[in-house]
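**Q** Got a structure for you, upload17.tsv, holding TSV, C-alpha atoms and all ligand atoms.
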chain	number	residue	atom	x	y	z
A	24	MET	CA	-6.22	-20.33	11.72
A	25	LYS	CA	-7.06	-22.72	14.60
A	26	ILE	CA	-7.06	-21.50	18.20
A	27	GLY	CA	-5.73	-23.94	20.81
A	28	PHE	CA	-7.54	-24.15	24.14
A	29	ILE	CA	-6.22	-26.09	27.15
A	30	GLY	CA	-8.26	-26.30	30.37
A	31	LEU	CA	-12.00	-26.80	29.93
A	32	GLY	CA	-13.25	-26.35	33.50
A	33	ILE	CA	-15.91	-24.07	34.99
A	34	MET	CA	-14.40	-21.06	33.17
A	35	GLY	CA	-12.54	-22.56	30.21
A	36	LYS	CA	-15.50	-24.51	28.83
A	37	PRO	CA	-17.84	-21.52	28.29
A	38	MET	CA	-14.92	-19.36	27.10
A	39	ALA	CA	-14.02	-21.98	24.49
A	40	LYS	CA	-17.67	-22.26	23.45
A	41	ASN	CA	-17.81	-18.49	22.93
A	42	LEU	CA	-14.78	-18.69	20.63
A	43	ILE	CA	-16.58	-21.35	18.57
A	44	LYS	CA	-19.75	-19.20	18.49
A	45	THR	CA	-17.74	-16.26	17.14
A	46	GLY	CA	-16.55	-18.36	14.22
A	47	HIS	CA	-13.17	-19.69	15.40
A	48	GLN	CA	-11.92	-23.20	14.77
A	49	LEU	CA	-10.74	-24.71	18.05
A	50	VAL	CA	-8.33	-27.49	18.95
A	51	VAL	CA	-8.81	-28.52	22.58
A	52	PHE	CA	-7.26	-30.57	25.38
A	53	ASP	CA	-8.07	-31.23	29.03
A	54	ILE	CA	-7.02	-34.10	31.30
A	55	ASN	CA	-10.77	-34.57	31.87
A	56	GLU	CA	-11.95	-36.47	28.78
A	57	GLU	CA	-15.62	-35.74	29.38
A	58	SER	CA	-15.01	-32.00	28.96
A	59	VAL	CA	-13.03	-32.63	25.77
A	60	ARG	CA	-15.91	-34.71	24.31
A	61	GLU	CA	-18.37	-31.90	25.13
A	62	LEU	CA	-16.31	-29.41	23.11
A	63	GLU	CA	-15.82	-31.98	20.32
A	64	ASN	CA	-19.62	-32.18	20.06
A	65	GLU	CA	-19.64	-28.40	19.57
A	66	GLY	CA	-17.27	-28.71	16.61
A	67	ALA	CA	-13.81	-28.48	18.19
A	68	LEU	CA	-10.94	-30.76	17.17
A	69	ALA	CA	-10.01	-32.92	20.17
A	70	VAL	CA	-6.38	-33.96	20.73
A	71	SER	CA	-4.71	-35.87	23.52
A	72	SER	CA	-1.94	-33.58	24.77
A	73	ALA	CA	-0.97	-29.94	25.16
A	74	LYS	CA	1.88	-30.62	22.73
A	75	GLU	CA	-0.62	-31.63	20.01
A	76	VAL	CA	-2.68	-28.50	20.67
A	77	ALA	CA	0.43	-26.40	20.00
A	78	GLU	CA	1.28	-28.39	16.86
A	79	GLU	CA	-2.19	-27.67	15.44
A	80	SER	CA	-2.48	-23.95	16.31
A	81	SER	CA	-0.47	-20.75	16.50
A	82	VAL	CA	-2.49	-19.07	19.28
A	83	ILE	CA	-2.71	-21.27	22.37
A	84	ILE	CA	-4.97	-20.30	25.27
A	85	THR	CA	-4.60	-21.91	28.72
A	86	MET	CA	-7.23	-21.72	31.50
A	87	LEU	CA	-5.88	-23.85	34.34
A	88	PRO	CA	-6.14	-23.74	38.16
A	89	ASN	CA	-2.74	-22.40	39.32
A	90	SER	CA	0.97	-21.87	38.54
A	91	PRO	CA	2.07	-25.55	38.76
A	92	HIS	CA	-0.70	-26.63	36.35
A	93	VAL	CA	0.32	-24.01	33.77
A	94	LYS	CA	4.02	-24.88	34.12
A	95	LYS	CA	3.17	-28.57	33.62
A	96	ALA	CA	0.96	-27.96	30.58
A	97	VAL	CA	3.43	-25.55	28.96
A	98	CYS	CA	6.99	-26.43	30.00
A	99	GLU	CA	6.98	-30.14	30.86
A	100	GLU	CA	6.88	-33.37	28.83
A	101	ASN	CA	4.19	-33.36	26.13
A	102	GLY	CA	3.58	-29.71	26.90
A	103	VAL	CA	2.95	-26.70	24.68
A	104	LEU	CA	6.62	-25.87	24.18
A	105	GLU	CA	7.36	-29.32	22.73
A	106	GLY	CA	4.85	-28.70	19.96
A	107	ALA	CA	4.80	-24.93	19.44
A	108	LYS	CA	6.17	-23.37	16.28
A	109	SER	CA	8.41	-20.31	16.55
A	110	GLY	CA	6.22	-17.19	16.26
A	111	SER	CA	3.25	-18.79	18.06
A	112	ILE	CA	1.71	-17.06	21.07
A	113	LEU	CA	0.64	-18.48	24.42
A	114	ILE	CA	-2.19	-16.55	26.11
A	115	ASP	CA	-2.45	-17.79	29.69
A	116	MET	CA	-5.82	-16.71	31.13
A	117	SER	CA	-5.42	-18.60	34.43
A	118	SER	CA	-5.01	-16.67	37.70
A	119	ILE	CA	-1.46	-17.54	38.75
A	120	ALA	CA	1.51	-15.92	40.53
A	121	PRO	CA	3.00	-13.03	38.48
A	122	THR	CA	6.51	-14.48	38.99
A	123	ALA	CA	5.31	-17.79	37.52
A	124	SER	CA	3.99	-15.89	34.46
A	125	GLN	CA	7.43	-14.31	34.05
A	126	GLU	CA	9.20	-17.70	34.36
A	127	ILE	CA	6.86	-19.27	31.80
A	128	ALA	CA	7.32	-16.29	29.44
A	129	HIS	CA	11.09	-16.75	29.74
A	130	ALA	CA	10.82	-20.44	28.80
A	131	CYS	CA	8.54	-19.47	25.88
A	132	LEU	CA	11.00	-16.85	24.63
A	133	ALA	CA	13.78	-19.47	24.45
A	134	LYS	CA	11.58	-21.33	21.90
A	135	GLY	CA	10.59	-18.19	19.96
A	136	VAL	CA	7.08	-18.29	21.47
A	137	LYS	CA	5.44	-15.03	22.63
A	138	MET	CA	3.32	-14.86	25.76
A	139	LEU	CA	0.56	-12.75	27.32
A	140	ASP	CA	-0.77	-13.28	30.85
A	141	ALA	CA	-4.48	-12.43	30.66
A	142	PRO	CA	-6.41	-13.45	33.78
A	143	VAL	CA	-10.09	-12.66	34.07
A	144	SER	CA	-12.62	-11.46	36.58
A	145	GLY	CA	-16.36	-12.03	36.48
A	146	GLY	CA	-16.86	-15.70	37.28
A	147	GLU	CA	-18.85	-18.37	35.47
A	148	PRO	CA	-21.92	-16.22	34.56
A	149	LYS	CA	-19.73	-13.70	32.72
A	150	ALA	CA	-17.67	-16.49	31.15
A	151	VAL	CA	-20.95	-17.85	29.75
A	152	ASP	CA	-22.15	-14.40	28.58
A	153	GLY	CA	-18.74	-13.53	27.12
A	154	THR	CA	-18.57	-10.42	29.29
A	155	LEU	CA	-15.47	-11.11	31.39
A	156	SER	CA	-13.07	-8.32	32.43
A	157	ILE	CA	-9.65	-9.27	31.09
A	158	MET	CA	-6.39	-7.79	32.45
A	159	VAL	CA	-3.36	-8.29	30.26
A	160	GLY	CA	0.43	-8.30	30.64
A	161	GLY	CA	3.07	-8.76	27.93
A	162	GLN	CA	4.30	-6.89	24.85
A	163	LYS	CA	1.86	-4.13	23.87
A	164	GLU	CA	1.94	-5.14	20.18
A	165	ASP	CA	1.04	-8.74	21.09
A	166	PHE	CA	-1.89	-7.40	23.11
A	167	GLU	CA	-3.08	-5.23	20.21
A	168	ALA	CA	-2.77	-8.15	17.77
A	169	ASN	CA	-4.93	-10.40	19.98
A	170	LYS	CA	-7.36	-7.90	21.53
A	171	GLU	CA	-10.17	-8.77	19.13
A	172	LEU	CA	-9.82	-12.46	20.02
A	173	LEU	CA	-9.89	-11.66	23.76
A	174	LEU	CA	-13.05	-9.60	23.27
A	175	CYS	CA	-14.83	-12.74	21.97
A	176	MET	CA	-14.69	-13.84	25.63
A	177	GLY	CA	-14.84	-10.53	27.48
A	178	ALA	CA	-16.53	-7.14	27.64
A	179	SER	CA	-13.21	-5.43	28.28
A	180	ALA	CA	-9.51	-6.18	27.81
A	181	VAL	CA	-7.12	-3.71	29.45
A	182	TYR	CA	-3.37	-3.64	28.82
A	183	CYS	CA	-1.66	-3.39	32.24
A	184	GLY	CA	2.08	-3.57	31.42
A	185	ALA	CA	4.89	-6.10	30.97
A	186	VAL	CA	4.34	-9.84	31.38
A	187	GLY	CA	3.10	-10.58	34.93
A	188	ALA	CA	1.19	-7.27	35.11
A	189	GLY	CA	-2.08	-9.02	34.26
A	190	ASN	CA	-1.71	-11.35	37.23
A	191	THR	CA	-0.52	-8.53	39.51
A	192	THR	CA	-3.74	-6.68	38.62
A	193	LYS	CA	-5.74	-9.84	39.30
A	194	LEU	CA	-4.11	-10.18	42.75
A	195	ALA	CA	-5.14	-6.57	43.52
A	196	ASN	CA	-8.68	-7.49	42.44
A	197	GLN	CA	-8.73	-10.59	44.66
A	198	ILE	CA	-7.39	-8.68	47.70
A	199	ILE	CA	-10.10	-6.02	47.34
A	200	VAL	CA	-12.86	-8.63	46.92
A	201	ALA	CA	-11.73	-10.77	49.90
A	202	LEU	CA	-11.36	-7.80	52.25
A	203	ASN	CA	-14.68	-6.35	51.12
A	204	ILE	CA	-16.50	-9.65	51.81
A	205	ALA	CA	-14.88	-9.86	55.24
A	206	ALA	CA	-15.88	-6.24	56.01
A	207	VAL	CA	-19.50	-6.98	55.00
A	208	ALA	CA	-19.58	-10.14	57.14
A	209	GLU	CA	-18.06	-8.32	60.13
A	210	ALA	CA	-20.36	-5.28	59.92
A	211	PHE	CA	-23.57	-7.28	59.44
A	212	THR	CA	-22.66	-9.64	62.31
A	213	LEU	CA	-22.40	-6.59	64.59
A	214	ALA	CA	-25.73	-5.19	63.33
A	215	SER	CA	-27.48	-8.56	63.78
A	216	LYS	CA	-26.10	-9.08	67.30
A	217	SER	CA	-27.32	-5.55	68.12
A	218	GLY	CA	-30.83	-6.50	67.02
A	219	VAL	CA	-31.06	-4.55	63.74
A	220	ASP	CA	-32.57	-6.36	60.73
A	221	PRO	CA	-29.70	-6.97	58.24
A	222	GLN	CA	-32.02	-6.42	55.26
A	223	LEU	CA	-32.82	-2.92	56.58
A	224	VAL	CA	-29.13	-2.21	57.20
A	225	PHE	CA	-28.46	-3.16	53.57
A	226	GLU	CA	-31.27	-0.98	52.22
A	227	ALA	CA	-30.11	1.96	54.36
A	228	ILE	CA	-26.44	1.88	53.38
A	229	CYS	CA	-26.21	0.38	49.89
A	230	GLY	CA	-26.57	3.77	48.15
A	231	GLY	CA	-23.87	5.45	50.24
A	232	LEU	CA	-20.10	5.20	50.39
A	233	ALA	CA	-20.27	1.74	52.00
A	234	GLY	CA	-22.17	0.37	49.00
A	235	SER	CA	-20.24	-2.02	46.75
A	236	THR	CA	-20.67	-4.58	44.00
A	237	VAL	CA	-19.43	-7.15	46.53
A	238	MET	CA	-22.09	-6.20	49.10
A	239	ASN	CA	-24.84	-6.25	46.44
A	240	ALA	CA	-23.72	-9.71	45.26
A	241	LYS	CA	-23.02	-11.34	48.62
A	242	ILE	CA	-25.30	-9.99	51.35
A	243	GLN	CA	-28.38	-11.98	50.31
A	244	MET	CA	-26.24	-15.14	50.25
A	245	MET	CA	-25.14	-14.38	53.82
A	246	ILE	CA	-28.70	-13.61	55.00
A	247	LYS	CA	-30.09	-16.78	53.37
A	248	LYS	CA	-26.98	-18.83	54.31
A	249	ASN	CA	-26.78	-19.96	50.70
A	250	TYR	CA	-23.09	-20.59	50.08
A	251	LYS	CA	-23.39	-22.42	46.76
A	252	PRO	CA	-20.40	-21.26	44.64
A	253	GLY	CA	-19.85	-18.82	42.76
A	254	PHE	CA	-16.22	-18.51	43.59
A	255	LYS	CA	-14.90	-21.16	45.94
A	256	VAL	CA	-13.08	-20.54	49.22
A	257	ASP	CA	-10.33	-22.91	47.94
A	258	LEU	CA	-9.68	-20.70	44.88
A	259	HIS	CA	-9.60	-17.53	46.95
A	260	VAL	CA	-7.05	-19.06	49.36
A	261	LYS	CA	-4.95	-19.94	46.28
A	262	ASP	CA	-5.10	-16.32	45.07
A	263	LEU	CA	-4.28	-14.83	48.50
A	264	LEU	CA	-1.36	-17.25	48.91
A	265	ASN	CA	-0.09	-15.97	45.54
A	266	ALA	CA	-0.58	-12.39	46.83
A	267	MET	CA	1.36	-13.17	50.03
A	268	ASP	CA	4.13	-14.83	48.01
A	269	THR	CA	4.31	-11.80	45.70
A	270	ALA	CA	4.36	-9.43	48.71
A	271	ASP	CA	7.18	-11.46	50.22
A	272	LYS	CA	9.23	-11.15	47.02
A	273	THR	CA	8.37	-7.43	46.73
A	274	LYS	CA	9.17	-6.96	50.43
A	275	ILE	CA	5.93	-5.31	51.51
A	276	PRO	CA	3.58	-6.38	54.31
A	277	LEU	CA	-0.08	-7.20	53.56
A	278	PRO	CA	-1.55	-7.31	57.10
A	279	LEU	CA	-5.24	-7.26	56.11
A	280	THR	CA	-4.79	-9.83	53.34
A	281	GLU	CA	-2.92	-12.11	55.74
A	282	GLN	CA	-5.72	-11.87	58.31
A	283	VAL	CA	-8.52	-12.62	55.83
A	284	MET	CA	-6.48	-15.45	54.29
A	285	LYS	CA	-6.29	-17.07	57.75
A	286	MET	CA	-10.09	-16.79	58.07
A	287	LEU	CA	-10.53	-18.48	54.66
A	288	GLN	CA	-8.01	-21.18	55.63
A	289	ASP	CA	-10.00	-21.77	58.84
A	290	LEU	CA	-13.06	-22.39	56.64
A	291	GLN	CA	-11.05	-24.86	54.54
A	292	GLU	CA	-9.91	-26.72	57.67
A	293	ASN	CA	-13.55	-26.99	58.75
A	294	GLY	CA	-14.64	-28.56	55.46
A	295	PHE	CA	-16.03	-25.45	53.73
A	296	GLY	CA	-13.40	-25.13	50.97
A	297	SER	CA	-15.99	-25.74	48.26
A	298	ASP	CA	-18.40	-23.10	49.61
A	299	ASP	CA	-18.71	-19.69	48.00
A	300	HIS	CA	-16.27	-17.15	49.49
A	301	SER	CA	-19.28	-15.34	51.04
A	302	ALA	CA	-19.05	-18.21	53.60
A	303	LEU	CA	-16.64	-15.86	55.41
A	304	ALA	CA	-19.88	-15.10	57.30
A	305	ARG	CA	-19.59	-18.65	58.74
A	306	TYR	CA	-16.25	-17.68	60.27
A	307	TYR	CA	-17.89	-14.72	62.03
A	308	GLU	CA	-20.73	-17.01	63.15
A	309	LYS	CA	-18.13	-19.30	64.72
A	310	ILE	CA	-16.24	-16.59	66.61
A	311	SER	CA	-19.29	-14.51	67.64
A	312	GLY	CA	-21.97	-17.13	68.22
A	313	THR	CA	-24.28	-14.87	66.16
A	314	SER	CA	-25.53	-15.38	62.63
A	315	ILE	CA	-26.51	-12.63	60.20
A	401	LIG	P1	-11.55	-25.65	37.13
A	401	LIG	O1	-10.86	-26.43	38.19
A	401	LIG	O2	-13.02	-25.74	36.99
A	401	LIG	O3	-10.92	-26.00	35.69
A	401	LIG	C1	-9.56	-26.27	35.47
A	401	LIG	C2	-9.47	-27.28	34.33
A	401	LIG	O4	-8.09	-27.52	34.05
A	401	LIG	C3	-10.09	-28.64	34.68
A	401	LIG	O5	-10.99	-29.02	33.66
A	401	LIG	C4	-8.87	-29.59	34.75
A	401	LIG	O6	-9.17	-30.90	34.35
A	401	LIG	C5	-7.92	-28.90	33.78
A	401	LIG	N1	-6.50	-29.25	33.97
A	401	LIG	C6	-5.78	-29.23	35.12
A	401	LIG	N2	-4.49	-29.54	34.86
A	401	LIG	C7	-4.41	-29.73	33.51
A	401	LIG	C8	-3.34	-30.05	32.61
A	401	LIG	N3	-2.08	-30.23	33.08
A	401	LIG	N4	-3.60	-30.15	31.30
A	401	LIG	C9	-4.87	-29.97	30.83
A	401	LIG	N5	-5.92	-29.67	31.62
A	401	LIG	C10	-5.69	-29.56	32.94
A	401	LIG	O7	-11.10	-24.12	37.36
A	401	LIG	P2	-11.86	-22.80	36.86
A	401	LIG	O8	-12.87	-22.38	37.87
A	401	LIG	O9	-12.22	-22.97	35.43
A	401	LIG	O10	-10.65	-21.73	37.01
A	401	LIG	C11	-9.60	-21.64	36.09
A	401	LIG	C12	-8.79	-20.40	36.43
A	401	LIG	O11	-9.63	-19.24	36.35
A	401	LIG	C13	-8.23	-20.41	37.86
A	401	LIG	O12	-6.95	-19.85	37.89
A	401	LIG	C14	-9.22	-19.54	38.64
A	401	LIG	O13	-8.65	-18.91	39.79
A	401	LIG	C15	-9.60	-18.52	37.58
A	401	LIG	N6	-10.91	-17.89	37.77
A	401	LIG	C16	-11.98	-18.63	38.18
A	401	LIG	C17	-13.21	-17.99	38.38
A	401	LIG	C18	-14.42	-18.78	38.84
A	401	LIG	O14	-15.41	-18.15	39.24
A	401	LIG	N7	-14.40	-20.10	38.82
A	401	LIG	C19	-13.34	-16.62	38.15
A	401	LIG	C20	-12.24	-15.90	37.69
A	401	LIG	C21	-11.02	-16.55	37.50
Could I get this structure in the form of structure tokens?
**A**
Amino acid sequence: MKIGFIGLGIMGKPMAKNLIKTGHQLVVFDINEESVRELENEGALAVSSAKEVAEESSVIITMLPNSPHVKKAVCEENGVLEGAKSGSILIDMSSIAPTASQEIAHACLAKGVKMLDAPVSGGEPKAVDGTLSIMVGGQKEDFEANKELLLCMGASAVYCGAVGAGNTTKLANQIIVALNIAAVAEAFTLASKSGVDPQLVFEAICGGLAGSTVMNAKIQMMIKKNYKPGFKVDLHVKDLLNAMDTADKTKIPLPLTEQVMKMLQDLQENGFGSDDHSALARYYEKISGTSI
């Protein structure tokens, strides 16, 4: 059985390669031909549309930037649903709005196609290692039937609930990460302005309640002012906009998320959209005149 894979970017390319390494036959498509050729050289069958991917496979994975890209690749002309056979399954691993996942699942259902939303956390290094954390929404039996396949790309795959629940979980993840980075940047700016060595602050507090995976991963980047991504400011703004949109539909306020999103948007406006999200420290540098 061939596995279809659409979207061979920073994340999709290593994920697809891991599927090949674990013995799967892949049929691939991306609008970027260079990426398609790279996978073809690894043994994948290259085709020239999402529709053809769906014609050639019964499990179709998408790893695309945001909701409009997934809707285009799945629901529009030459998309997955024009080629998919009834009984096929779409596994969308992109981070998109939960409501968009539900809309796409609805369109799939009308064609007899099942769908899981299965976004990931872990970034490029874990995509390469095949140790992503995968959070999944959809029918439980579809999750169980495809769990082994997901674990060719991840260290864990957790069933979170009905379709959209995977992306709701991912939004929670992205809120916690963004707010944690902002808290680290804010606290270390205060310590630096007060004349305390940030490295010593880190060593003193990392083992206590303030310690976090985010602080461990990001503080050295802030101290060294090395904002090479990692995870780009642009992508985090996309995720927080999806969180705000979801909050709006759910009718709850997200005051902290809104505040940090504005800081990230300020970075975008100042030309730092392609920096790592730890560049939130730049925002504090701007408003305080002090660098960590
Ligand atoms: P990317 O921009 O590197 O890759 C996206 C790929 O999709 C590109 O190769 C692009 O050419 C292709 N594409 C766009 N529209 C297409 C279409 N209509 N048909 C076929 N191909 C199309 O993005 P990425 O970093 O790989 O991220 C993908 C998703 O994973 C995003 O939702 C992102 O938020 C999420 N994510 C990224 C990271 C990370 O660290 N980069 C971590 C976790 C989750």
**Q** Quick one: residues within 7 Å of stretch 122-138 of chain A, all atoms listed in the file counted, chain neighbours fewer than 2 positions away excluded, as an mmCIF file with C-alpha atoms, in the frame of the given file?
**A**
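Generated file (result_22.cif):
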data_model
loop_
_atom_site.group_PDB
_atom_site.id
_atom_site.type_symbol
_atom_site.label_atom_id
_atom_site.label_comp_id
_atom_site.auth_asym_id
_atom_site.auth_seq_id
_atom_site.Cartn_x
_atom_site.Cartn_y
_atom_site.Cartn_z
ATOM 1 C CA SER A 90 0.970 -21.870 38.540
ATOM 2 C CA LYS A 94 4.020 -24.880 34.120
ATOM 3 C CA LEU A 104 6.620 -25.870 24.180
ATOM 4 C CA SER A 109 8.410 -20.310 16.550
ATOM 5 C CA GLY A 110 6.220 -17.190 16.260
ATOM 6 C CA SER A 111 3.250 -18.790 18.060
ATOM 7 C CA ILE A 112 1.710 -17.060 21.070
ATOM 8 C CA LEU A 113 0.640 -18.480 24.420
ATOM 9 C CA ILE A 114 -2.190 -16.550 26.110
ATOM 10 C CA ILE A 119 -1.460 -17.540 38.750
ATOM 11 C CA ALA A 120 1.510 -15.920 40.530
ATOM 12 C CA ASP A 140 -0.770 -13.280 30.850
ATOM 13 C CA GLY A 161 3.070 -8.760 27.930
ATOM 14 C CA VAL A 186 4.340 -9.840 31.380
ATOM 15 C CA GLY A 187 3.100 -10.580 34.930
#
**Q** Find the residues of chain A that sit at most 7 Å from ligand LIG 401 (chain A); for each, write down the nearest two atoms and how far apart they are in Å, to one decimal. Count all atoms listed in the file. Sort by chain, then by number going up, and give it as a Markdown table.
**A**
| residue | atom | partner | partner_atom | distance |
| --- | --- | --- | --- | --- |
| A:Ile29 | CA | A:LIG401 | C9 | 5.5 |
| A:Gly30 | CA | A:LIG401 | O4 | 3.9 |
| A:Leu31 | CA | A:LIG401 | O5 | 4.5 |
| A:Gly32 | CA | A:LIG401 | O3 | 3.2 |
| A:Ile33 | CA | A:LIG401 | O9 | 3.9 |
| A:Met34 | CA | A:LIG401 | O9 | 3.7 |
| A:Gly35 | CA | A:LIG401 | O9 | 5.2 |
| A:Phe52 | CA | A:LIG401 | C9 | 6.0 |
| A:Asp53 | CA | A:LIG401 | N5 | 3.7 |
| A:Ile54 | CA | A:LIG401 | N5 | 4.6 |
| A:Asn55 | CA | A:LIG401 | O6 | 4.7 |
| A:Ser58 | CA | A:LIG401 | O5 | 6.9 |
| A:Ala73 | CA | A:LIG401 | N4 | 6.7 |
| A:Met86 | CA | A:LIG401 | C11 | 5.2 |
| A:Leu87 | CA | A:LIG401 | O4 | 4.3 |
| A:Pro88 | CA | A:LIG401 | C13 | 3.9 |
| A:Asn89 | CA | A:LIG401 | O12 | 5.1 |
| A:His92 | CA | A:LIG401 | N2 | 5.0 |
| A:Val93 | CA | A:LIG401 | N3 | 6.7 |
| A:Lys95 | CA | A:LIG401 | N3 | 5.5 |
| A:Ala96 | CA | A:LIG401 | N3 | 4.5 |
| A:Met116 | CA | A:LIG401 | O11 | 6.9 |
| A:Ser117 | CA | A:LIG401 | O12 | 4.0 |
| A:Ser118 | CA | A:LIG401 | O12 | 3.7 |
| A:Ile119 | CA | A:LIG401 | O12 | 6.0 |
| A:Pro142 | CA | A:LIG401 | C21 | 6.7 |
| A:Val143 | CA | A:LIG401 | C21 | 5.3 |
| A:Ser144 | CA | A:LIG401 | C20 | 4.6 |
| A:Gly145 | CA | A:LIG401 | C19 | 5.7 |
| A:Gly146 | CA | A:LIG401 | O14 | 3.5 |
| A:Glu147 | CA | A:LIG401 | O14 | 5.1 |
| A:Gly253 | CA | A:LIG401 | O14 | 5.7 |
| A:Phe254 | CA | A:LIG401 | O14 | 4.4 |
| A:Leu258 | CA | A:LIG401 | O13 | 5.5 |
| A:Asp262 | CA | A:LIG401 | O13 | 6.9 |
**Q** For atom CA of A:Glu75 and atom CA of A:Glu99, determine how far apart the two atoms are, in Å to one decimal place.
**A**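 Straight-line distance from atom CA of A:Glu75 to atom CA of A:Glu99 works out to 13.3 Å.
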**Q** Between atom CA of A:Pro148 and atom CA of A:Ile26, what distance in Å does the model show, to one decimal?
**A** 22.7 Å
**Q** What does the distance from atom CA of A:Glu167 to atom CA of A:Gly106 come to in Å, to one decimal?
**A**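 One can read the atom CA of A:Glu167 to atom CA of A:Gly106 distance as 24.8 Å.
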**Q** For stretch 170-257 of chain A against stretch 163-166 of chain A, with a cut-off of 8 Å and counting all atoms listed in the file, what is the closest atom pair and its distance in Å to one decimal for every residue that makes the cut, ordered by chain and number, as CSV?
**A**
residue,atom,partner,partner_atom,distance
A:Lys170,CA,A:Phe166,CA,5.7
A:Tyr182,CA,A:Phe166,CA,7.0
A:Gly184,CA,A:Lys163,CA,7.6
A:Ala185,CA,A:Lys163,CA,8.0
**Q** Using the atoms already present, construct N, CA, C and O atoms for stretch 77-88 of chain A and hand them back as a PDB file, in the frame of the given file.
**A**
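Written output follows (selection_20.pdb):
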ATOM      1  N   ALA A  77      -0.518 -27.400  20.515  1.00  0.00           N
ATOM      2  CA  ALA A  77       0.430 -26.400  20.000  1.00  0.00           C
ATOM      3  C   ALA A  77       0.858 -26.717  18.562  1.00  0.00           C
ATOM      4  O   ALA A  77       1.105 -25.807  17.772  1.00  0.00           O
ATOM      5  N   GLU A  78       0.921 -28.011  18.238  1.00  0.00           N
ATOM      6  CA  GLU A  78       1.280 -28.390  16.860  1.00  0.00           C
ATOM      7  C   GLU A  78       0.210 -27.948  15.873  1.00  0.00           C
ATOM      8  O   GLU A  78       0.494 -27.623  14.726  1.00  0.00           O
ATOM      9  N   GLU A  79      -1.041 -27.931  16.327  1.00  0.00           N
ATOM     10  CA  GLU A  79      -2.190 -27.670  15.440  1.00  0.00           C
ATOM     11  C   GLU A  79      -2.604 -26.204  15.383  1.00  0.00           C
ATOM     12  O   GLU A  79      -3.538 -25.850  14.679  1.00  0.00           O
ATOM     13  N   SER A  80      -1.994 -25.341  16.244  1.00  0.00           N
ATOM     14  CA  SER A  80      -2.480 -23.950  16.310  1.00  0.00           C
ATOM     15  C   SER A  80      -1.311 -22.992  16.523  1.00  0.00           C
ATOM     16  O   SER A  80      -0.237 -23.401  16.942  1.00  0.00           O
ATOM     17  N   SER A  81      -1.543 -21.722  16.241  1.00  0.00           N
ATOM     18  CA  SER A  81      -0.470 -20.750  16.500  1.00  0.00           C
ATOM     19  C   SER A  81      -0.827 -19.760  17.604  1.00  0.00           C
ATOM     20  O   SER A  81      -0.001 -18.969  18.032  1.00  0.00           O
ATOM     21  N   VAL A  82      -2.096 -19.802  18.068  1.00  0.00           N
ATOM     22  CA  VAL A  82      -2.490 -19.070  19.280  1.00  0.00           C
ATOM     23  C   VAL A  82      -2.989 -20.132  20.253  1.00  0.00           C
ATOM     24  O   VAL A  82      -3.923 -20.887  19.930  1.00  0.00           O
ATOM     25  N   ILE A  83      -2.352 -20.214  21.406  1.00  0.00           N
ATOM     26  CA  ILE A  83      -2.710 -21.270  22.370  1.00  0.00           C
ATOM     27  C   ILE A  83      -3.163 -20.615  23.663  1.00  0.00           C
ATOM     28  O   ILE A  83      -2.398 -19.875  24.301  1.00  0.00           O
ATOM     29  N   ILE A  84      -4.428 -20.867  24.039  1.00  0.00           N
ATOM     30  CA  ILE A  84      -4.970 -20.300  25.270  1.00  0.00           C
ATOM     31  C   ILE A  84      -4.960 -21.373  26.358  1.00  0.00           C
ATOM     32  O   ILE A  84      -5.328 -22.525  26.106  1.00  0.00           O
ATOM     33  N   THR A  85      -4.528 -20.991  27.583  1.00  0.00           N
ATOM     34  CA  THR A  85      -4.600 -21.910  28.720  1.00  0.00           C
ATOM     35  C   THR A  85      -5.517 -21.308  29.780  1.00  0.00           C
ATOM     36  O   THR A  85      -5.481 -20.100  30.033  1.00  0.00           O
ATOM     37  N   MET A  86      -6.347 -22.155  30.410  1.00  0.00           N
ATOM     38  CA  MET A  86      -7.230 -21.720  31.500  1.00  0.00           C
ATOM     39  C   MET A  86      -7.215 -22.811  32.566  1.00  0.00           C
ATOM     40  O   MET A  86      -8.080 -23.692  32.604  1.00  0.00           O
ATOM     41  N   LEU A  87      -6.183 -22.764  33.406  1.00  0.00           N
ATOM     42  CA  LEU A  87      -5.880 -23.850  34.340  1.00  0.00           C
ATOM     43  C   LEU A  87      -5.907 -23.322  35.778  1.00  0.00           C
ATOM     44  O   LEU A  87      -5.876 -22.109  35.993  1.00  0.00           O
ATOM     45  N   PRO A  88      -5.927 -24.222  36.790  1.00  0.00           N
ATOM     46  CA  PRO A  88      -6.140 -23.740  38.160  1.00  0.00           C
ATOM     47  C   PRO A  88      -5.050 -22.809  38.701  1.00  0.00           C
ATOM     48  O   PRO A  88      -5.356 -21.738  39.234  1.00  0.00           O
TER      49      PRO A  88
END
